[in-house]
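Here the structure comes first, spelled out in structure tokens, and everything after it is commentary.
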Amino acid sequence: MSLIKTNGLTTLLAFISVIFILSLTLIFSFFEYIQGFSTQEKIEYITQALTTLAIIIGGLALIINAYYTSRLSLDENQSLLTQLLAGTLAWDNNIGTSINYTQPTHQEIVPERFSKAIEQLGNEKIETRFSAIYALERIAKDSSKDHWTIMEILAAFIRENAPMKHEYDDELRQSSKLPTDIQTALTVIGRRDSYKDPVNQKLDLRNTDLSNADLTEANLSRAILVGANLQWVNFTRANLSEADLSVTYLCGSILYEANLQKAILPEANLQGVVLRKANLSEAILYDANLEGAILCDANLTRAVLCDANLEGAILCDANLEEVNFEGSNLQDANLIGSNLQKAKLAGANLESVLLSTANLQETDLQEANLCGANLSGSENLESQQIEQAIGDRTTTLPENLKIPQHWR
């Protein structure tokens, strides 16, 4: 644009020069043929005419030049302003001139943000730590290569600031609130994009105190929570598939519709836990304490509950197909309407258990204690099954079956 305007100005000045030359020619011609003037007078008139013409043309040239100069300056300023707004130039207030400015690249911005967030994570003010956690979450979303590092940092932050306490008051712990920064870090971890997790890497939250945490719909698949205190935690619809929950304290927790498929829970304390409609298929629960737990409509297909304590547990309408209950305690448990097809109950304590309308097809009852148990209305139960079990006259059998001789 500037080149076009410069060429236009040059052309116009050339045009003015031509007019000036033509004017000189006309003046000389006019005074050459005029009569009644001496030569000296003609020279004086010509000089005056030339001076006047030069002033007029010179003034016109100055006006035109000033006009084009102002237009060029205005266009340049507009171009500069456009670039400033676009972020490609910056204004140096110290020298009053424009300087070239290049926006920082993504590779330059992320490390700076990362370092600042890490620094703030150790701040003594909880609101600063709170902001730092969310800043790290944004970086994890923006930078795939930093995603897992940030998750590990947040897990380490939780382990450091919420360690497991071996001595505490259960009632006080139930009413206490999880610190805001710990809850925030858990929330960020729980809603991460797990597709960015490296293969064979696991979140390490072992030996942490997360009691009263809200982990609704949190993704903690394959997480290591060994020895953690998870009492009164809300795990509604959470993903804990393949998570290691060995020797954890889950008393009073809510795991409604939670996914615990292939989860590892040996020796875990699940007393009074709500597992309604939860998926526990192929979960490992040997020696676990499920006393008074609610497992209505839960799926425990092929789960292992050897030597587990399920006294008073509610398992009505649960899918217990091929579950291994060998040596477990199911005294006073409610299994009405449950599917125990091919389940293993050898040596289990089923005293006073409710098995009405339960499906007992091919269920192994060898040496199982059925004293006081109610099996009325149970389906697919055969005489050889109860012959192998232990019972007495307090055992209620379906109408089509008789009490074995050795029970009397």
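We name chains A, B, ... following the order of the structure tokens; residues begin at 1 in each chain, and ligands are numbered from 1 as shown.
Those residues that approach range 282-284 of chain A to within 6 Å, counting only C-alpha atoms, are Gln261, Lys262, Ala263, Ile264, Leu265, Arg302, Ala303 and Val304 of chain A; same-chain residues fewer than 4 positions away are not listed.
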Where does range 256-319 of chain A meet range 341-365 of chain A within 10 Å, residue by residue, with the nearest atom pair and distance in Å to one decimal for each, counting only C-alpha atoms, listed by chain and rising number, as a Markdown table?
```
| residue | atom | partner | partner_atom | distance |
| --- | --- | --- | --- | --- |
| A:Thr301 | CA | A:Ala343 | CA | 9.1 |
| A:Arg302 | CA | A:Ala343 | CA | 8.2 |
| A:Ala303 | CA | A:Ala343 | CA | 9.7 |
| A:Val304 | CA | A:Lys344 | CA | 9.6 |
| A:Leu305 | CA | A:Lys344 | CA | 9.8 |
| A:Cys306 | CA | A:Ala348 | CA | 8.8 |
| A:Asp307 | CA | A:Ala348 | CA | 8.0 |
| A:Ala308 | CA | A:Ala348 | CA | 9.5 |
| A:Asn309 | CA | A:Asn349 | CA | 9.6 |
| A:Leu310 | CA | A:Asn349 | CA | 9.6 |
| A:Glu311 | CA | A:Asn349 | CA | 9.1 |
| A:Gly312 | CA | A:Val353 | CA | 8.5 |
| A:Ala313 | CA | A:Val353 | CA | 9.7 |
| A:Ile314 | CA | A:Leu354 | CA | 9.6 |
| A:Leu315 | CA | A:Leu354 | CA | 9.7 |
| A:Cys316 | CA | A:Ala358 | CA | 8.6 |
| A:Asp317 | CA | A:Ala358 | CA | 8.1 |
| A:Ala318 | CA | A:Ala358 | CA | 9.6 |
| A:Asn319 | CA | A:Gln341 | CA | 8.9 |
```
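Put simply, CA of Asn259 in chain A is 29.1 Å away from CA of Ser378 in chain A.
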Practice problem: Any chance you could list, as a PyMOL selection string, the residues in range 98-163 of chain A that come up alpha helix (DSSP H) when DSSP is run on the backbone? | Solution: chain A and resi 106-121+126-142+144-161
Self-check item: DSSP strand (DSSP E or B) residues within range 125-315 of chain A, listed as a PyMOL selection string
Solution: chain A and resi 163+204+208-209+214+219+224+229+234+239+244+249+254+259+264+269+274+279+284+289+294+299+304+309+314
Generate the output file for the selected residues, N, CA and C atoms, as a CSV table (one decimal), in the first residue's frame.
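Output file result-v3.csv follows:
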```csv
chain,number,residue,atom,x,y,z
A,163,PRO,N,-2.2,-38.6,55.9
A,163,PRO,CA,-1.7,-39.9,56.2
A,163,PRO,C,-2.7,-40.7,57.1
A,204,ASP,N,-1.2,-44.1,43.4
A,204,ASP,CA,-0.8,-44.7,44.7
A,204,ASP,C,-1.4,-43.8,45.8
A,208,THR,N,-3.7,-43.8,53.3
A,208,THR,CA,-4.2,-42.4,53.4
A,208,THR,C,-5.5,-42.4,54.2
A,209,ASP,N,-5.8,-41.3,54.8
A,209,ASP,CA,-7.0,-41.1,55.5
A,209,ASP,C,-8.0,-40.2,54.7
A,214,ASP,N,-16.0,-37.3,49.3
A,214,ASP,CA,-17.0,-37.4,48.3
A,214,ASP,C,-16.4,-37.9,47.0
A,219,ASN,N,-13.2,-41.9,39.1
A,219,ASN,CA,-12.5,-43.0,38.3
A,219,ASN,C,-11.2,-43.3,39.1
A,224,ILE,N,-4.2,-47.9,43.9
A,224,ILE,CA,-3.7,-48.7,45.0
A,224,ILE,C,-4.1,-47.9,46.3
A,229,ASN,N,-8.0,-45.5,55.0
A,229,ASN,CA,-9.2,-45.3,55.8
A,229,ASN,C,-10.2,-44.7,54.8
A,234,ASN,N,-18.4,-41.5,50.1
A,234,ASN,CA,-19.4,-41.7,49.1
A,234,ASN,C,-18.8,-42.1,47.8
A,239,ASN,N,-15.8,-45.8,39.9
A,239,ASN,CA,-15.1,-46.9,39.2
A,239,ASN,C,-13.9,-47.4,40.0
A,244,ASP,N,-6.8,-52.0,44.2
A,244,ASP,CA,-6.3,-52.8,45.4
A,244,ASP,C,-6.8,-52.1,46.7
A,249,TYR,N,-10.4,-49.8,55.4
A,249,TYR,CA,-11.5,-49.5,56.3
A,249,TYR,C,-12.6,-48.8,55.5
A,254,ILE,N,-20.7,-45.7,51.1
A,254,ILE,CA,-21.8,-46.0,50.1
A,254,ILE,C,-21.2,-46.3,48.8
A,259,ASN,N,-18.5,-49.8,40.5
A,259,ASN,CA,-17.9,-50.8,39.8
A,259,ASN,C,-16.7,-51.3,40.5
A,264,ILE,N,-9.6,-56.0,44.5
A,264,ILE,CA,-8.9,-56.8,45.5
A,264,ILE,C,-9.2,-56.3,46.9
A,269,ASN,N,-12.4,-54.2,55.7
A,269,ASN,CA,-13.6,-54.0,56.6
A,269,ASN,C,-14.7,-53.2,55.9
A,274,VAL,N,-22.9,-50.0,52.0
A,274,VAL,CA,-24.1,-50.1,51.0
A,274,VAL,C,-23.5,-50.4,49.7
A,279,ASN,N,-21.2,-53.8,41.2
A,279,ASN,CA,-20.7,-54.8,40.4
A,279,ASN,C,-19.4,-55.4,41.1
A,284,ILE,N,-12.1,-60.1,44.8
A,284,ILE,CA,-11.4,-61.0,45.8
A,284,ILE,C,-11.8,-60.4,47.2
A,289,ASN,N,-14.7,-58.4,56.0
A,289,ASN,CA,-15.8,-58.3,57.0
A,289,ASN,C,-16.9,-57.5,56.3
A,294,ILE,N,-25.1,-54.2,52.9
A,294,ILE,CA,-26.3,-54.3,52.0
A,294,ILE,C,-25.9,-54.5,50.6
A,299,ASN,N,-24.1,-57.7,41.8
A,299,ASN,CA,-23.5,-58.8,41.0
A,299,ASN,C,-22.2,-59.2,41.5
A,304,VAL,N,-14.8,-64.2,45.1
A,304,VAL,CA,-14.2,-65.1,46.1
A,304,VAL,C,-14.4,-64.5,47.5
A,309,ASN,N,-16.8,-62.7,56.5
A,309,ASN,CA,-17.9,-62.6,57.5
A,309,ASN,C,-19.1,-61.8,56.9
A,314,ILE,N,-27.4,-58.4,53.8
A,314,ILE,CA,-28.6,-58.5,53.0
A,314,ILE,C,-28.2,-58.7,51.5
```
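Excluding Ala135 in chain A and any residue on its chain fewer than 3 positions from it, the residues at most 8 Å away by only C-alpha atoms are A:Arg113, A:Ala117, A:Ser131, A:Ala132, A:Arg138, A:Ile139.
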Output N, CA and C atoms for every residue in that selection, as an mmCIF file, in the first residue's frame.
```cif
data_model
loop_
_atom_site.group_PDB
_atom_site.id
_atom_site.type_symbol
_atom_site.label_atom_id
_atom_site.label_comp_id
_atom_site.auth_asym_id
_atom_site.auth_seq_id
_atom_site.Cartn_x
_atom_site.Cartn_y
_atom_site.Cartn_z
ATOM 1 N N ARG A 113 3.792 -22.174 33.973
ATOM 2 C CA ARG A 113 2.575 -22.401 34.751
ATOM 3 C C ARG A 113 2.763 -23.567 35.719
ATOM 4 N N ALA A 117 2.459 -23.405 39.807
ATOM 5 C CA ALA A 117 1.440 -24.201 40.504
ATOM 6 C C ALA A 117 2.065 -25.098 41.565
ATOM 7 N N SER A 131 -6.262 -23.228 44.662
ATOM 8 C CA SER A 131 -6.091 -22.676 43.311
ATOM 9 C C SER A 131 -5.011 -23.422 42.548
ATOM 10 N N ALA A 132 -3.936 -23.805 43.247
ATOM 11 C CA ALA A 132 -2.840 -24.512 42.597
ATOM 12 C C ALA A 132 -3.290 -25.864 42.046
ATOM 13 N N ARG A 138 -5.779 -27.881 34.876
ATOM 14 C CA ARG A 138 -5.839 -27.242 33.553
ATOM 15 C C ARG A 138 -4.604 -27.594 32.717
ATOM 16 N N ILE A 139 -3.447 -27.644 33.366
ATOM 17 C CA ILE A 139 -2.225 -28.017 32.651
ATOM 18 C C ILE A 139 -2.322 -29.459 32.166
#
```
Exercise. Have a look at CA of Asn161 in chain A and CA of Ser211 in chain A and let me know their distance in Å, one decimal.
Key: 13.3 Å
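Proximity of A:Gly272, A:Gly391, A:Gly227, A:Pro266 to Ala288 in chain A, computed with only C-alpha atoms, is greatest for A:Pro266.
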Exercise. Find the distance between CA of Lys202 in chain A and CA of Leu260 in chain A and write it in Å to one decimal.
Key: 15.9 Å
Quiz item: Quick one: of A:His406, A:Arg206, A:Arg159, A:Lys277, who's nearest to Arg393 in chain A, counting only C-alpha atoms?
Solution: A:His406
